[in-house]
file input_0.pdb (PDB, C-alpha atoms, pLDDT in the B column)
ATOM      1  CA  ILE W   4       8.882  17.068   6.908  1.00 54.00           C
ATOM      2  CA  LEU W   5       7.300  14.111   5.169  1.00 58.00           C
ATOM      3  CA  LYS W   6       4.199  14.460   3.076  1.00 61.00           C
ATOM      4  CA  MET W   7       2.226  11.697   1.448  1.00 63.00           C
ATOM      5  CA  GLN W   8      -0.562  12.332  -0.988  1.00 62.00           C
ATOM      6  CA  GLY W   9      -3.189  10.155  -2.522  1.00 64.00           C
ATOM      7  CA  LEU W  10      -3.916   8.189   0.640  1.00 67.00           C
ATOM      8  CA  GLY W  11      -7.433   6.861   0.723  1.00 69.00           C
ATOM      9  CA  ASP W  12      -9.251   3.790  -0.440  1.00 73.00           C
ATOM     10  CA  LYS W  13      -8.120   2.705  -3.894  1.00 83.00           C
ATOM     11  CA  GLY W  14      -8.741  -0.020  -6.388  1.00 89.00           C
ATOM     12  CA  LYS W  15      -8.685  -1.300  -9.921  1.00 91.00           C
ATOM     13  CA  VAL W  16     -10.212  -3.949 -12.137  1.00 92.00           C
ATOM     14  CA  TYR W  17      -8.207  -7.179 -12.281  1.00 94.00           C
ATOM     15  CA  ASP W  18      -5.476  -6.937 -14.913  1.00 93.00           C
ATOM     16  CA  GLY W  19      -3.129  -9.740 -13.841  1.00 94.00           C
ATOM     17  CA  LYS W  20      -0.529  -7.242 -12.630  1.00 94.00           C
ATOM     18  CA  GLU W  21       0.815  -6.904  -9.101  1.00 94.00           C
ATOM     19  CA  VAL W  22      -0.265  -3.822  -7.159  1.00 90.00           C
ATOM     20  CA  SER W  23       2.699  -1.628  -6.300  1.00 83.00           C
ATOM     21  CA  LYS W  24       2.970   0.828  -3.436  1.00 75.00           C
ATOM     22  CA  SER W  25       2.991   3.681  -5.954  1.00 76.00           C
ATOM     23  CA  ASP W  26      -0.481   2.541  -7.101  1.00 80.00           C
ATOM     24  CA  VAL W  27      -1.686   3.360  -3.584  1.00 77.00           C
ATOM     25  CA  TYR W  28       0.056   6.625  -2.691  1.00 71.00           C
ATOM     26  CA  SER W  29       2.937   8.879  -3.600  1.00 62.00           C
ATOM     27  CA  LEU W  30       5.631  10.412  -1.445  1.00 54.00           C
ATOM     28  CA  VAL W  31       5.504  14.129  -2.171  1.00 46.00           C
ATOM     29  CA  SER W  32       8.477  15.445  -0.245  1.00 43.00           C
ATOM     30  CA  SER W  33      10.878  14.457   2.462  1.00 51.00           C
ATOM     31  CA  LYS W  34      13.637  16.147   4.371  1.00 52.00           C
ATOM     32  CA  SER W  35      15.818  13.037   4.194  1.00 52.00           C
ATOM     33  CA  GLY W  36      15.551   9.335   3.618  1.00 51.00           C
ATOM     34  CA  GLY W  37      12.700   9.304   1.120  1.00 52.00           C
ATOM     35  CA  ALA W  38      10.554   6.207   0.804  1.00 51.00           C
ATOM     36  CA  SER W  39      13.167   4.030   2.532  1.00 60.00           C
ATOM     37  CA  ILE W  40      12.086   5.301   5.952  1.00 71.00           C
ATOM     38  CA  PHE W  41       8.694   3.585   5.565  1.00 77.00           C
ATOM     39  CA  THR W  42       7.745  -0.006   6.263  1.00 81.00           C
ATOM     40  CA  TYR W  43       4.935  -1.599   4.281  1.00 85.00           C
ATOM     41  CA  LYS W  44       2.783  -4.617   5.032  1.00 91.00           C
ATOM     42  CA  TRP W  45      -0.012  -6.025   2.852  1.00 94.00           C
ATOM     43  CA  TYR W  46      -2.903  -7.949   4.464  1.00 97.00           C
ATOM     44  CA  ASP W  47      -5.654  -9.966   2.801  1.00 96.00           C
ATOM     45  CA  ALA W  48      -9.388  -9.802   3.607  1.00 93.00           C
ATOM     46  CA  ASN W  49      -8.913 -12.263   6.492  1.00 96.00           C
ATOM     47  CA  GLY W  50      -6.251 -10.081   8.097  1.00 95.00           C
ATOM     48  CA  THR W  51      -3.413 -12.441   7.170  1.00 97.00           C
ATOM     49  CA  ARG W  52      -0.123 -10.758   6.336  1.00 97.00           C
ATOM     50  CA  MET W  53       0.921 -11.344   2.748  1.00 97.00           C
ATOM     51  CA  GLU W  54       4.469 -12.104   1.619  1.00 95.00           C
ATOM     52  CA  SER W  55       3.985 -10.340  -1.733  1.00 94.00           C
ATOM     53  CA  ASN W  56       1.875  -7.595  -3.260  1.00 94.00           C
ATOM     54  CA  PRO W  57      -1.685  -8.532  -4.278  1.00 95.00           C
ATOM     55  CA  VAL W  58      -2.500  -9.637  -7.824  1.00 96.00           C
ATOM     56  CA  ASN W  59      -5.858 -11.425  -7.706  1.00 96.00           C
ATOM     57  CA  ALA W  60      -9.343 -10.006  -7.228  1.00 96.00           C
ATOM     58  CA  GLY W  61     -10.132  -9.300  -3.585  1.00 96.00           C
ATOM     59  CA  VAL W  62     -10.000  -6.784  -0.763  1.00 96.00           C
ATOM     60  CA  TYR W  63      -6.606  -5.900   0.681  1.00 95.00           C
ATOM     61  CA  LYS W  64      -5.133  -3.486   3.193  1.00 92.00           C
ATOM     62  CA  LEU W  65      -1.743  -1.803   2.998  1.00 90.00           C
ATOM     63  CA  TYR W  66      -0.313  -0.725   6.355  1.00 89.00           C
ATOM     64  CA  ILE W  67       2.269   2.035   5.960  1.00 85.00           C
ATOM     65  CA  LYS W  68       4.384   3.051   8.942  1.00 83.00           C
ATOM     66  CA  VAL W  69       7.320   5.343   9.450  1.00 79.00           C
ATOM     67  CA  SER W  70      10.305   3.168  10.261  1.00 76.00           C
ATOM     68  CA  GLU W  71      11.370   3.135  13.904  1.00 77.00           C
ATOM     69  CA  GLU W  72      14.961   3.537  12.685  1.00 75.00           C
ATOM     70  CA  ASP W  73      14.372   7.280  12.340  1.00 69.00           C
ATOM     71  CA  PRO W  74      13.062   8.719  15.640  1.00 73.00           C
ATOM     72  CA  SER W  75      12.556  12.126  13.987  1.00 73.00           C
ATOM     73  CA  TYR W  76       9.304  10.944  12.380  1.00 73.00           C
ATOM     74  CA  THR W  77       6.262   9.022  13.564  1.00 76.00           C
ATOM     75  CA  GLY W  78       3.000   8.001  12.004  1.00 80.00           C
ATOM     76  CA  SER W  79       1.143   5.328  10.133  1.00 83.00           C
ATOM     77  CA  ALA W  80      -1.777   4.858   7.765  1.00 83.00           C
ATOM     78  CA  THR W  81      -3.891   1.965   6.532  1.00 87.00           C
ATOM     79  CA  VAL W  82      -5.337   2.015   3.031  1.00 86.00           C
ATOM     80  CA  THR W  83      -7.962  -0.374   1.655  1.00 90.00           C
ATOM     81  CA  TYR W  84      -7.278  -1.570  -1.893  1.00 91.00           C
ATOM     82  CA  ILE W  85      -9.922  -3.487  -3.872  1.00 94.00           C
ATOM     83  CA  ILE W  86      -9.163  -5.466  -7.010  1.00 95.00           C
ATOM     84  CA  GLU W  87     -12.480  -6.084  -8.745  1.00 95.00           C
ATOM     85  CA  GLN W  88     -13.151  -9.101 -10.917  1.00 93.00           C
ATOM     86  CA  ARG W  89     -13.090  -8.405 -14.628  1.00 87.00           C
ATOM     87  CA  LEU W  90     -16.520  -8.880 -16.191  1.00 82.00           C
ATOM     88  CA  HIS W  91     -16.669 -11.152 -19.218  1.00 74.00           C
ATOM     89  CA  LEU W  92     -19.553 -10.214 -21.457  1.00 69.00           C
TER
END
call {"tool": "encode", "arguments": {"input": "input_0.pdb", "output": "structure tokens"}}
result
Amino acid sequence: ILKMQGLGDKGKVYDGKEVSKSDVYSLVSSKSGGASIFTYKWYDANGTRMESNPVNAGVYKLYIKVSEEDPSYTGSATVTYIIEQRLHL
């Protein structure tokens, strides 16, 4: 059994640091394989797949899918992640 917690729209204020998958969700428990049985794909606001994790202010989506290498599990989720601009007062 795989359980993920913390899924849902997320975000932060721009800090110059790359968003990691653990900023978006956490894997609570797994029977075998752990996080390696998932595939992850980041997309920008235009729907273009990104080659790296987001850093700059903007709206992003993380598509998480159970790898097809393990037929015991199925499922996917999409999470919106917003990096807000830092306000300079």
call {"tool": "resolve_selection", "arguments": {"input": "input_0.pdb", "expression": "the PyMOL selection byres ((chain W and resi 60) around 10)", "output": "ChimeraX atom specification"}}
result
/W:15-19,57-59,61-63,85-89
call {"tool": "write_last_selection", "arguments": {"input": "input_0.pdb", "atoms": "C-alpha atoms", "output": "mmCIF file, in the frame of the given file"}}
result
data_model
loop_
_atom_site.group_PDB
_atom_site.id
_atom_site.type_symbol
_atom_site.label_atom_id
_atom_site.label_comp_id
_atom_site.auth_asym_id
_atom_site.auth_seq_id
_atom_site.Cartn_x
_atom_site.Cartn_y
_atom_site.Cartn_z
ATOM 1 C CA LYS W 15 -8.685 -1.300 -9.921
ATOM 2 C CA VAL W 16 -10.212 -3.949 -12.137
ATOM 3 C CA TYR W 17 -8.207 -7.179 -12.281
ATOM 4 C CA ASP W 18 -5.476 -6.937 -14.913
ATOM 5 C CA GLY W 19 -3.129 -9.740 -13.841
ATOM 6 C CA PRO W 57 -1.685 -8.532 -4.278
ATOM 7 C CA VAL W 58 -2.500 -9.637 -7.824
ATOM 8 C CA ASN W 59 -5.858 -11.425 -7.706
ATOM 9 C CA GLY W 61 -10.132 -9.300 -3.585
ATOM 10 C CA VAL W 62 -10.000 -6.784 -0.763
ATOM 11 C CA TYR W 63 -6.606 -5.900 0.681
ATOM 12 C CA ILE W 85 -9.922 -3.487 -3.872
ATOM 13 C CA ILE W 86 -9.163 -5.466 -7.010
ATOM 14 C CA GLU W 87 -12.480 -6.084 -8.745
ATOM 15 C CA GLN W 88 -13.151 -9.101 -10.917
ATOM 16 C CA ARG W 89 -13.090 -8.405 -14.628
#
call {"tool": "closest_residue", "arguments": {"input": "input_0.pdb", "among": "W:Lys20, W:Glu54, W:Asp47, W:Ile40", "to": "Val82 of chain W", "atoms": "all atoms listed in the file"}}
result
W:Asp47
call {"tool": "atom_distance", "arguments": {"input": "input_0.pdb", "atom1": "atom CA of Val22 of chain W", "atom2": "atom CA of Thr77 of chain W"}}
result
25.2 Å
call {"tool": "atom_distance", "arguments": {"input": "input_0.pdb", "atom1": "atom CA of Ala48 of chain W", "atom2": "atom CA of Lys24 of chain W"}}
result
17.8 Å
call {"tool": "residues_around", "arguments": {"input": "input_0.pdb", "residues": "Asn56 of chain W", "least_positions_apart": "3", "cutoff": "9 Å", "atoms": "all atoms listed in the file", "output": "CSV table (one decimal) with C-alpha atoms, keeping the file's coordinate frame"}}
result
chain,number,residue,atom,x,y,z
W,21,GLU,CA,0.8,-6.9,-9.1
W,22,VAL,CA,-0.3,-3.8,-7.2
W,23,SER,CA,2.7,-1.6,-6.3
W,24,LYS,CA,3.0,0.8,-3.4
W,44,LYS,CA,2.8,-4.6,5.0
W,45,TRP,CA,0.0,-6.0,2.9
W,53,MET,CA,0.9,-11.3,2.7
call {"tool": "residues_around", "arguments": {"input": "input_0.pdb", "residues": "Tyr46 of chain W", "least_positions_apart": "4", "cutoff": "8 Å", "atoms": "all atoms listed in the file", "output": "PyMOL selection string"}}
result
chain W and resi 50-53+63-66
call {"tool": "atom_distance", "arguments": {"input": "input_0.pdb", "atom1": "atom CA of Glu71 of chain W", "atom2": "atom CA of Gly14 of chain W"}}
result
28.7 Å
call {"tool": "resolve_selection", "arguments": {"input": "input_0.pdb", "expression": "the PyMOL selection byres ((chain W and resi 67) around 7)", "output": "list in words"}}
result
Phe41, Thr42, Tyr43, Lys44, Leu65, Tyr66, Lys68, Val69, Ser79, Ala80 and Thr81 of chain W
